[in-house]
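Structure file target10.cif (mmCIF, C-alpha atoms and all ligand atoms) is printed below.
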```
data_data
#
loop_
_atom_site.label_atom_id
_atom_site.label_comp_id
_atom_site.auth_asym_id
_atom_site.auth_seq_id
_atom_site.Cartn_x
_atom_site.Cartn_y
_atom_site.Cartn_z
CA MET A 386 -0.20 -2.07 9.17
CA THR A 387 1.73 -4.92 7.64
CA ALA A 388 5.35 -4.58 6.59
CA ARG A 389 4.31 -4.88 2.98
CA ASN A 390 1.83 -2.01 3.32
CA SER A 391 4.33 0.17 5.09
CA ASN A 392 6.82 -0.41 2.31
CA SER A 393 4.65 -0.45 -0.78
CA ASN A 394 4.07 3.32 -0.78
CA SER A 395 7.75 4.00 -0.98
CA THR A 396 9.37 1.42 -3.21
CA GLY A 397 6.37 -0.68 -4.31
CA GLN A 398 8.87 -3.48 -3.98
CA ILE A 399 10.62 -5.86 -1.67
CA PRO A 400 8.82 -5.89 1.69
CA VAL A 401 10.49 -5.27 5.05
CA ILE A 402 9.54 -7.91 7.60
CA ASP A 403 10.18 -8.02 11.34
CA ILE A 404 10.84 -11.61 12.46
CA SER A 405 12.07 -10.64 15.94
CA GLY A 406 8.83 -11.65 17.63
CA THR A 407 6.73 -8.48 17.69
CA THR A 408 4.33 -9.75 15.01
CA PRO A 409 2.39 -13.03 15.44
CA LYS A 410 4.25 -15.99 13.90
CA ALA A 411 1.49 -17.03 11.50
CA GLU A 412 1.27 -13.50 10.12
CA VAL A 413 5.06 -13.20 9.68
CA ALA A 414 5.15 -16.62 8.03
CA LYS A 415 2.52 -15.56 5.53
CA GLN A 416 4.38 -12.32 4.76
CA LEU A 417 7.61 -14.27 4.19
CA VAL A 418 5.98 -16.81 1.87
CA ASP A 419 4.30 -13.99 -0.09
CA ALA A 420 7.65 -12.22 -0.51
CA ALA A 421 9.44 -15.44 -1.55
CA THR A 422 6.68 -16.13 -4.07
CA THR A 423 6.48 -12.63 -5.51
CA TYR A 424 10.02 -11.23 -5.34
CA GLY A 425 12.33 -14.02 -4.19
CA PHE A 426 13.81 -11.30 -1.95
CA VAL A 427 12.82 -9.92 1.45
CA TYR A 428 14.38 -7.45 3.89
CA ILE A 429 14.59 -8.66 7.48
CA LYS A 430 14.41 -5.72 9.85
CA ASN A 431 17.61 -5.60 11.86
CA GLN A 432 17.46 -4.26 15.38
CA GLY A 433 20.24 -6.51 16.55
CA LYS A 434 17.89 -9.00 18.21
CA ASP A 435 18.71 -12.06 16.10
CA ILE A 436 22.28 -11.14 15.17
CA PRO A 437 24.00 -8.54 17.39
CA VAL A 438 24.95 -5.37 15.52
CA GLU A 439 28.46 -5.61 17.03
CA ALA A 440 28.92 -9.08 15.50
CA ILE A 441 28.03 -7.69 12.06
CA ASP A 442 30.24 -4.62 12.48
CA SER A 443 33.24 -6.62 13.67
CA THR A 444 32.89 -9.12 10.81
CA PHE A 445 32.96 -6.19 8.38
CA SER A 446 36.08 -4.88 10.16
CA LEU A 447 37.76 -8.28 9.79
CA SER A 448 36.79 -8.35 6.13
CA LYS A 449 38.40 -4.94 5.57
CA LYS A 450 41.49 -6.07 7.46
CA PHE A 451 41.83 -9.09 5.18
CA PHE A 452 41.18 -7.31 1.88
CA THR A 453 43.65 -4.54 2.71
CA SER A 454 46.37 -7.03 3.66
CA PRO A 455 49.27 -7.71 1.25
CA ILE A 456 48.72 -10.11 -1.63
CA GLU A 457 51.39 -12.48 -0.25
CA GLU A 458 49.07 -13.13 2.69
CA LYS A 459 46.09 -13.83 0.42
CA GLU A 460 47.81 -16.06 -2.16
CA PRO A 461 48.26 -19.07 0.17
CA CYS A 462 44.48 -19.03 0.73
CA LYS A 463 43.60 -19.07 -2.97
CA ILE A 464 40.30 -20.74 -3.83
CA THR A 465 40.28 -24.40 -4.78
CA GLU A 466 37.70 -26.77 -6.28
CA ASN A 467 36.10 -27.18 -2.87
CA ASN A 468 34.78 -23.60 -3.20
CA ARG A 469 36.79 -22.35 -0.21
CA GLY A 470 39.31 -19.56 -0.18
CA TRP A 471 40.18 -16.25 -1.80
CA SER A 472 39.36 -15.28 -5.39
CA GLY A 473 41.13 -12.17 -6.70
CA MET A 474 40.00 -9.29 -8.88
CA HIS A 475 38.42 -10.28 -12.22
CA SER A 476 38.98 -13.99 -11.56
CA GLU A 477 35.27 -14.76 -11.46
CA THR A 478 32.77 -14.15 -14.26
CA LEU A 479 29.24 -14.65 -12.96
CA ASP A 480 27.54 -13.92 -16.31
CA PRO A 481 29.92 -15.21 -19.01
CA ALA A 482 27.26 -14.79 -21.73
CA SER A 483 27.30 -10.99 -21.44
CA GLN A 484 30.53 -10.09 -19.66
CA ARG A 485 33.76 -9.31 -21.47
CA VAL A 486 35.74 -8.63 -18.28
CA GLY A 487 35.64 -10.63 -15.05
CA ASP A 488 33.80 -9.29 -12.00
CA PHE A 489 35.32 -6.15 -10.48
CA LYS A 490 35.58 -7.73 -7.05
CA GLU A 491 37.52 -10.00 -4.75
CA ALA A 492 35.98 -12.51 -2.37
CA MET A 493 36.84 -14.84 0.48
CA ASN A 494 34.75 -18.01 0.94
CA LEU A 495 34.74 -19.70 4.32
CA GLY A 496 33.28 -23.19 4.40
CA GLU A 497 31.74 -24.78 7.48
CA PHE A 498 33.93 -24.87 10.56
CA VAL A 499 34.21 -28.13 12.52
CA GLN A 500 34.27 -27.78 16.30
CA GLY A 501 35.09 -24.11 15.94
CA LYS A 502 37.97 -24.69 13.54
CA ALA A 503 38.27 -23.65 9.91
CA GLN A 504 38.76 -26.52 7.44
CA GLN A 505 40.90 -24.41 5.12
CA PRO A 506 44.02 -22.23 5.38
CA LEU A 507 43.24 -18.96 7.17
CA PRO A 508 45.15 -15.76 6.37
CA PRO A 509 47.10 -13.95 9.13
CA ALA A 510 44.30 -11.34 9.24
CA PHE A 511 41.98 -14.01 10.71
CA THR A 512 44.25 -16.08 12.92
CA ASP A 513 43.23 -14.32 16.15
CA ASN A 514 39.55 -14.26 15.18
CA GLU A 515 38.70 -17.84 14.27
CA ALA A 516 36.24 -18.01 17.19
CA ASP A 517 34.55 -14.76 16.08
CA LEU A 518 34.13 -16.05 12.53
CA ASP A 519 32.74 -19.31 13.90
CA ALA A 520 30.28 -17.37 16.08
CA PHE A 521 29.16 -15.25 13.13
CA GLN A 522 28.51 -18.33 11.00
CA LYS A 523 26.45 -19.76 13.87
CA TYR A 524 24.36 -16.57 14.08
CA CYS A 525 23.72 -16.76 10.34
CA HIS A 526 22.84 -20.44 10.53
CA ALA A 527 20.40 -19.79 13.38
CA MET A 528 18.73 -17.00 11.43
CA MET A 529 18.45 -19.26 8.40
CA MET A 530 16.80 -21.94 10.59
CA LYS A 531 14.32 -19.38 11.91
CA ILE A 532 13.37 -18.27 8.40
CA LEU A 533 13.08 -21.87 7.16
CA THR A 534 10.77 -22.62 10.11
CA LEU A 535 8.58 -19.67 9.17
CA PHE A 536 8.53 -20.85 5.54
CA ALA A 537 7.26 -24.27 6.66
CA ILE A 538 4.55 -22.60 8.76
CA GLY A 539 3.59 -20.32 5.86
CA LEU A 540 3.41 -23.29 3.49
CA GLN A 541 1.11 -25.03 5.99
CA ILE A 542 3.12 -28.23 6.13
CA ASP A 543 1.08 -30.69 8.13
CA PRO A 544 2.44 -31.61 11.60
CA SER A 545 2.10 -35.29 10.70
CA SER A 546 4.64 -34.73 7.90
CA GLY A 547 7.11 -32.75 10.00
CA GLY A 548 5.26 -29.44 10.29
CA SER A 549 7.29 -26.34 11.08
CA THR A 550 10.63 -28.20 11.18
CA TRP A 551 10.26 -29.77 7.72
CA PHE A 552 12.90 -27.56 6.08
CA SER A 553 15.01 -26.64 9.09
CA SER A 554 15.55 -30.26 10.20
CA ARG A 555 17.11 -30.87 6.78
CA HIS A 556 19.63 -28.08 7.37
CA ILE A 557 21.29 -29.43 10.49
CA GLY A 558 23.19 -32.51 11.61
CA GLY A 559 25.70 -33.11 8.81
CA PRO A 560 28.14 -31.48 6.43
CA SER A 561 26.65 -29.03 3.95
CA GLY A 562 27.65 -26.46 1.34
CA CYS A 563 26.89 -23.55 3.74
CA THR A 564 29.42 -20.81 2.96
CA LEU A 565 30.20 -17.45 4.51
CA ARG A 566 31.47 -15.16 1.78
CA LEU A 567 33.19 -11.81 2.38
CA LEU A 568 33.11 -9.51 -0.65
CA HIS A 569 35.08 -6.40 -1.57
CA TYR A 570 34.24 -4.28 -4.62
CA PRO A 571 36.86 -1.54 -4.98
CA SER A 572 35.91 1.86 -6.34
CA ILE A 573 37.37 2.69 -9.74
CA PRO A 574 40.88 4.16 -9.42
CA PRO A 575 41.25 7.58 -11.11
CA SER A 576 43.90 6.17 -13.44
CA GLN A 577 41.57 3.52 -14.84
CA ASP A 578 39.36 3.94 -17.84
CA PHE A 579 35.87 3.08 -16.58
CA LYS A 580 33.59 1.56 -19.21
CA PRO A 581 30.06 1.34 -17.81
CA GLU A 582 29.05 -1.22 -20.45
CA VAL A 583 31.98 -3.48 -19.62
CA ASP A 584 32.91 -3.07 -15.98
CA ILE A 585 30.49 -4.71 -13.58
CA ARG A 586 31.01 -5.47 -9.92
CA ALA A 587 29.17 -8.82 -10.04
CA GLY A 588 27.52 -10.17 -13.21
CA ALA A 589 23.89 -11.35 -13.42
CA HIS A 590 23.29 -14.62 -11.60
CA SER A 591 21.02 -16.42 -9.19
CA ASP A 592 22.31 -18.12 -6.04
CA TYR A 593 22.61 -21.90 -5.82
CA GLY A 594 21.40 -22.94 -2.39
CA SER A 595 18.36 -22.64 -0.10
CA ILE A 596 18.49 -19.06 1.10
CA THR A 597 21.15 -16.36 1.14
CA LEU A 598 21.52 -13.73 3.87
CA LEU A 599 23.16 -10.54 2.60
CA PHE A 600 24.65 -7.87 4.86
CA GLN A 601 25.33 -4.43 3.37
CA ARG A 602 26.81 -1.15 4.63
CA PRO A 603 25.16 2.28 4.62
CA GLY A 604 26.36 4.42 1.70
CA GLN A 605 27.56 1.41 -0.33
CA PRO A 606 24.72 0.60 -2.75
CA GLY A 607 24.91 -1.35 -6.01
CA LEU A 608 22.65 -4.41 -5.80
CA GLU A 609 20.01 -4.73 -8.53
CA ILE A 610 17.39 -7.38 -9.30
CA ILE A 611 15.20 -8.29 -12.24
CA PRO A 612 11.77 -8.73 -10.59
CA PRO A 613 10.45 -12.23 -11.41
CA GLU A 614 7.45 -10.85 -13.31
CA SER A 615 9.86 -8.97 -15.63
CA GLN A 616 12.21 -11.91 -16.21
CA PRO A 617 13.26 -11.86 -19.88
CA PRO A 618 12.08 -15.13 -21.49
CA ASN A 619 15.35 -15.60 -23.40
CA ARG A 620 17.46 -15.10 -20.26
CA ASP A 621 19.02 -12.00 -21.78
CA PHE A 622 20.22 -10.17 -18.68
CA GLY A 623 21.90 -7.36 -20.60
CA PRO A 624 21.37 -3.60 -20.09
CA THR A 625 17.84 -3.66 -21.59
CA ALA A 626 16.51 -6.06 -18.91
CA ALA A 627 14.29 -4.60 -16.16
CA TRP A 628 17.14 -4.02 -13.70
CA THR A 629 15.77 -2.48 -10.49
CA PRO A 630 18.01 -1.03 -7.74
CA VAL A 631 17.67 -2.54 -4.27
CA PRO A 632 18.46 0.17 -1.70
CA VAL A 633 20.66 -0.72 1.28
CA SER A 634 18.25 0.97 3.72
CA PRO A 635 14.69 1.13 2.36
CA PRO A 636 12.23 3.60 3.91
CA SER A 637 11.14 2.66 7.46
CA THR A 638 14.59 1.25 8.25
CA GLU A 639 16.78 4.35 8.05
CA SER A 640 16.99 4.87 11.79
CA ASP A 641 17.57 1.19 12.63
CA PRO A 642 20.93 0.41 14.27
CA SER A 643 22.01 -1.58 11.21
CA PRO A 644 20.60 -1.91 7.66
CA PRO A 645 18.11 -4.75 7.20
CA ILE A 646 19.46 -8.17 6.24
CA LEU A 647 18.43 -9.06 2.70
CA VAL A 648 17.28 -12.64 2.29
CA ASN A 649 16.90 -14.21 -1.13
CA ILE A 650 15.80 -17.59 -2.38
CA GLY A 651 18.40 -19.77 -4.15
CA ASP A 652 17.95 -22.21 -7.03
CA LEU A 653 17.71 -25.26 -4.79
CA LEU A 654 14.78 -23.96 -2.75
CA SER A 655 13.05 -22.74 -5.89
CA HIS A 656 13.46 -26.19 -7.42
CA TRP A 657 12.28 -27.84 -4.19
CA THR A 658 9.10 -25.74 -4.12
CA ASN A 659 8.31 -26.43 -7.81
CA GLY A 660 9.07 -22.80 -8.63
CA LEU A 661 6.65 -21.35 -6.05
CA PHE A 662 9.58 -19.55 -4.42
CA LYS A 663 11.51 -17.46 -6.92
CA SER A 664 15.27 -17.60 -7.38
CA THR A 665 15.64 -14.03 -8.59
CA VAL A 666 18.44 -12.89 -10.88
CA HIS A 667 20.61 -10.14 -9.39
CA ARG A 668 23.87 -8.30 -10.01
CA VAL A 669 26.05 -5.59 -8.45
CA VAL A 670 26.82 -2.39 -10.37
CA PHE A 671 28.98 0.67 -9.82
CA PRO A 672 27.22 3.80 -8.59
CA LYS A 673 25.82 5.84 -11.49
CA GLU A 674 28.46 8.51 -11.03
CA GLY A 675 31.09 5.88 -11.83
CA ARG A 676 34.58 6.67 -10.71
CA GLU A 677 33.94 10.14 -9.30
CA GLY A 678 31.50 9.15 -6.65
CA GLY A 679 31.10 6.14 -4.51
CA GLU A 680 33.35 4.31 -2.16
CA ASP A 681 34.52 0.74 -2.01
CA ARG A 682 31.63 -1.64 -1.38
CA TYR A 683 31.92 -4.36 1.23
CA SER A 684 29.21 -6.97 1.61
CA ILE A 685 28.86 -10.29 3.41
CA ALA A 686 26.80 -13.17 2.03
CA TYR A 687 25.87 -16.33 3.91
CA PHE A 688 24.83 -19.04 1.46
CA GLY A 689 22.60 -21.56 3.24
CA HIS A 690 22.39 -25.14 1.94
CA PRO A 691 20.66 -28.29 3.24
CA VAL A 692 22.81 -31.10 4.62
CA GLY A 693 24.47 -32.55 1.50
CA SER A 694 22.82 -35.97 1.73
CA THR A 695 19.29 -34.51 1.96
CA VAL A 696 16.98 -36.00 -0.65
CA LEU A 697 14.99 -33.21 -2.28
CA GLU A 698 11.73 -35.11 -1.98
CA ALA A 699 8.33 -33.50 -2.53
CA VAL A 700 7.47 -30.76 -0.02
CA PRO A 701 4.28 -31.88 1.78
CA SER A 702 2.39 -28.63 1.19
CA GLU A 703 -0.72 -28.25 -0.94
CA MET A 704 0.60 -24.89 -2.16
CA VAL A 705 3.68 -26.62 -3.57
CA LYS A 706 1.89 -29.76 -4.77
CA SER A 707 -0.55 -27.70 -6.80
CA LEU A 708 2.41 -26.67 -8.97
CA ARG A 709 3.20 -30.26 -9.77
CA LYS A 710 4.74 -30.39 -13.20
CA GLU A 711 3.34 -32.40 -16.04
CA GLY A 712 4.98 -35.79 -16.37
CA ASP A 713 5.79 -36.08 -12.68
CA GLY A 714 4.84 -39.42 -11.20
CA GLU A 715 2.12 -39.82 -8.56
CA GLY A 716 3.34 -38.18 -5.36
CA GLU A 717 6.66 -37.24 -6.96
CA PHE A 718 6.38 -33.51 -7.36
CA VAL A 719 10.06 -32.79 -7.56
CA LYS A 720 12.86 -34.91 -8.91
CA ALA A 721 14.38 -36.60 -5.90
CA MET A 722 18.06 -35.79 -6.12
CA THR A 723 20.19 -34.93 -3.11
CA ALA A 724 21.28 -31.43 -2.14
CA ASP A 725 24.87 -32.36 -3.09
CA GLU A 726 23.76 -33.60 -6.51
CA HIS A 727 21.80 -30.41 -7.07
CA LEU A 728 24.81 -28.26 -6.21
CA LEU A 729 27.11 -30.35 -8.39
CA GLY A 730 24.69 -30.13 -11.32
CA ARG A 731 24.54 -26.37 -10.92
CA LEU A 732 28.32 -26.09 -10.80
CA LYS A 733 28.75 -28.42 -13.80
CA ALA A 734 26.36 -26.33 -15.89
CA THR A 735 28.49 -23.34 -15.01
CA TYR A 736 31.73 -25.13 -15.91
CA LEU A 737 30.39 -26.05 -19.36
CA GLY A 738 29.53 -22.44 -20.10
CA LEU A 739 32.98 -21.41 -19.06
CA TYR A 740 34.68 -24.05 -21.14
CA ARG A 741 32.73 -22.82 -24.17
CA GLU A 742 33.64 -19.22 -23.47
CA GLY A 743 37.21 -20.18 -22.60
CA GLU A 744 37.26 -17.33 -20.11
CA ALA A 745 38.33 -18.93 -16.88
CA GLU A 746 39.38 -22.17 -15.33
CA VAL A 747 37.11 -24.49 -13.43
CA GLY A 748 38.65 -23.76 -10.06
CA GLU A 749 38.04 -20.08 -10.49
CA LYS A 750 34.34 -20.48 -11.15
CA VAL A 751 33.47 -22.75 -8.26
CA ALA A 752 33.31 -19.72 -6.00
CA ALA A 753 30.17 -18.41 -7.69
CA ALA A 754 27.23 -18.32 -5.36
O1 LIG A 801 27.57 -8.12 -2.88
C1 LIG A 801 26.37 -8.23 -3.07
O2 LIG A 801 25.60 -7.35 -2.75
C2 LIG A 801 25.80 -9.45 -3.73
C3 LIG A 801 26.73 -10.60 -3.84
C4 LIG A 801 26.11 -11.75 -4.53
O3 LIG A 801 25.06 -11.67 -5.10
C5 LIG A 801 26.77 -13.07 -4.49
O4 LIG A 801 27.95 -13.15 -4.11
O5 LIG A 801 26.11 -14.06 -4.82
FE FE A 802 24.20 -13.64 -5.42
#
```

Give the structure from this file in structure tokens form.
Amino acid sequence: MTARNSNSNSTGQIPVIDISGTTPKAEVAKQLVDAATTYGFVYIKNQGKDIPVEAIDSTFSLSKKFFTSPIEEKEPCKITENNRGWSGMHSETLDPASQRVGDFKEAMNLGEFVQGKAQQPLPPAFTDNEADLDAFQKYCHAMMMKILTLFAIGLQIDPSSGGSTWFSSRHIGGPSGCTLRLLHYPSIPPSQDFKPEVDIRAGAHSDYGSITLLFQRPGQPGLEIIPPESQPPNRDFGPTAAWTPVPVSPPSTESDPSPPILVNIGDLLSHWTNGLFKSTVHRVVFPKEGREGGEDRYSIAYFGHPVGSTVLEAVPSEMVKSLRKEGDGEGEFVKAMTADEHLLGRLKATYLGLYREGEAEVGEKVAAA
């Protein structure tokens, strides 16, 4: 039985895929490409084989240690235009078109380390754990490389054009926008007036890069997606859109040692594949019971990006080429900008929106995925 079959009875939704080696590579690659094409999201079964469960648990512990530390220890690490550092409660508005109040969350973005060292101020909570954070980023990077390899196999990229390493080789060997982001969404304090139509943990958005790995904790739900086939044509992501909850532990994974790792496609990889892979809009909401129920939510996102200088040239796959857009030149199936240019364009579009809304300053928005 394939992962999709085993899952479709229960949620009819995002498939759970085991990439740890028990299923033949070609089959796993096909399942991954199908999921990226249909949902833009896929659960990777987590038995601790690719990323040790202890490494995930201890990164969550570090995250909690940081977010519960005094504000004086966070302030010196405040986020800057380079997208690194801490952003406080309500300082980010991921969906300025519909949100009246900034996201009900705080986040800490860690950019790439160089020779095991952070390239940004670290808070006291992390000073003894720089090596652990470096190791965790390396685990995430390795998992990203594995998934990108399977994507290339699933897209049948010819060996003469680079074959299975076509994507992965463009994600190693130079500086990139790869970012490890720790997130904390507090529960609503009893003293606060909770307005379900106003307060949102993270507004509707899609991610910017290649792929995102998302780690969640049991009992801390909240993620929702709009399935690509239900995408509102006018990009109205308000309450009437087809928001669909994404459980932390879907059926067939409940007894695993750690919840599955959610992988989603970002805007860059969707662009690169001429829209074959979907960059799916998602958000994070409070539990239905609002302030009474629910605990704080902690999540960890690893945003994967190609090396910044990578030219986003046409992917040598017939499946991608067949989606060639009208007006594209011969052999030029995607506009050949670099990964850095793509990211900058994405950030600039976001800045403009914010300037119009007058809701936040540039530096505060750069942290958006
Ligand atoms: O916390 C989550 O579950 C999702 C976070 C997210 O989508 C983001 O930071 O881009
Ligand atoms: Fe996101």

Between CA of Gln616 in chain A and CA of Thr665 in chain A, distance in Å (one decimal):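 About the pair CA of Gln616 in chain A and CA of Thr665 in chain A: they are 8.6 Å apart.
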
From A:Asn649, A:Thr550, A:Gln505, A:Thr408, residue lying nearest ligand FE 802 (chain A) [all atoms listed in the file]: A:Asn649

A:Pro624, A:Pro612, A:Pro409, A:Gly558 ranked by distance to Val670 in chain A, top pick (using only C-alpha atoms):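 When distances to Val670 in chain A are compared using only C-alpha atoms, the smallest one comes from A:Pro624.
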
Grab me every residue within 10 Å of ligand LIG 801 (chain A), counting only C-alpha atoms and all ligand atoms, and send it over as an NGL selection string. :A and (479 or 490 or 492 or 494 or 565-570 or 586-593 or 597-602 or 605-610 or 631 or 633 or 647 or 649 or 651 or 666-670 or 682-688 or 752-754)

Name the residues in contact with Ala420 in chain A at a cut-off of 10 Å, using all atoms listed in the file, excluding same-chain residues fewer than 2 positions from it; report them as a ChimeraX atom specification. /A:389,398-402,414-418,422-428,649-650,662-663

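Separating CA of Ile404 in chain A from CA of Ile542 in chain A is a distance of 19.4 Å.
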
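Closest approach to ligand FE 802 (chain A) among A:Asp513, A:Asp543, A:Asp435, A:Asp652 is made by A:Asp652 (distances from only C-alpha atoms and all ligand atoms).
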
Measure the distance from CA of Thr564 in chain A to CA of Thr723 in chain A in Å and round it to one decimal. 17.9 Å

Nearest-residue call for ligand FE 802 (chain A), choices A:Thr534, A:Ser664, A:Thr638, A:Asn619, using all atoms listed in the file: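 Of all the options, A:Ser664 lies closest to ligand FE 802 (chain A).
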
Nearest to ligand FE 802 (chain A), restricted to only C-alpha atoms and all ligand atoms and choosing among A:Leu535, A:Val696, A:Ile596, A:Cys525, comes out as A:Ile596

From the set A:Asp517, A:Glu457, A:Asp403, A:Asp480, which residue has the shortest atom-to-atom contact distance to Gly623 in chain A, counting only C-alpha atoms?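 Between A:Asp517, A:Glu457, A:Asp403, A:Asp480, the residue approaching Gly623 in chain A most closely is A:Asp480.
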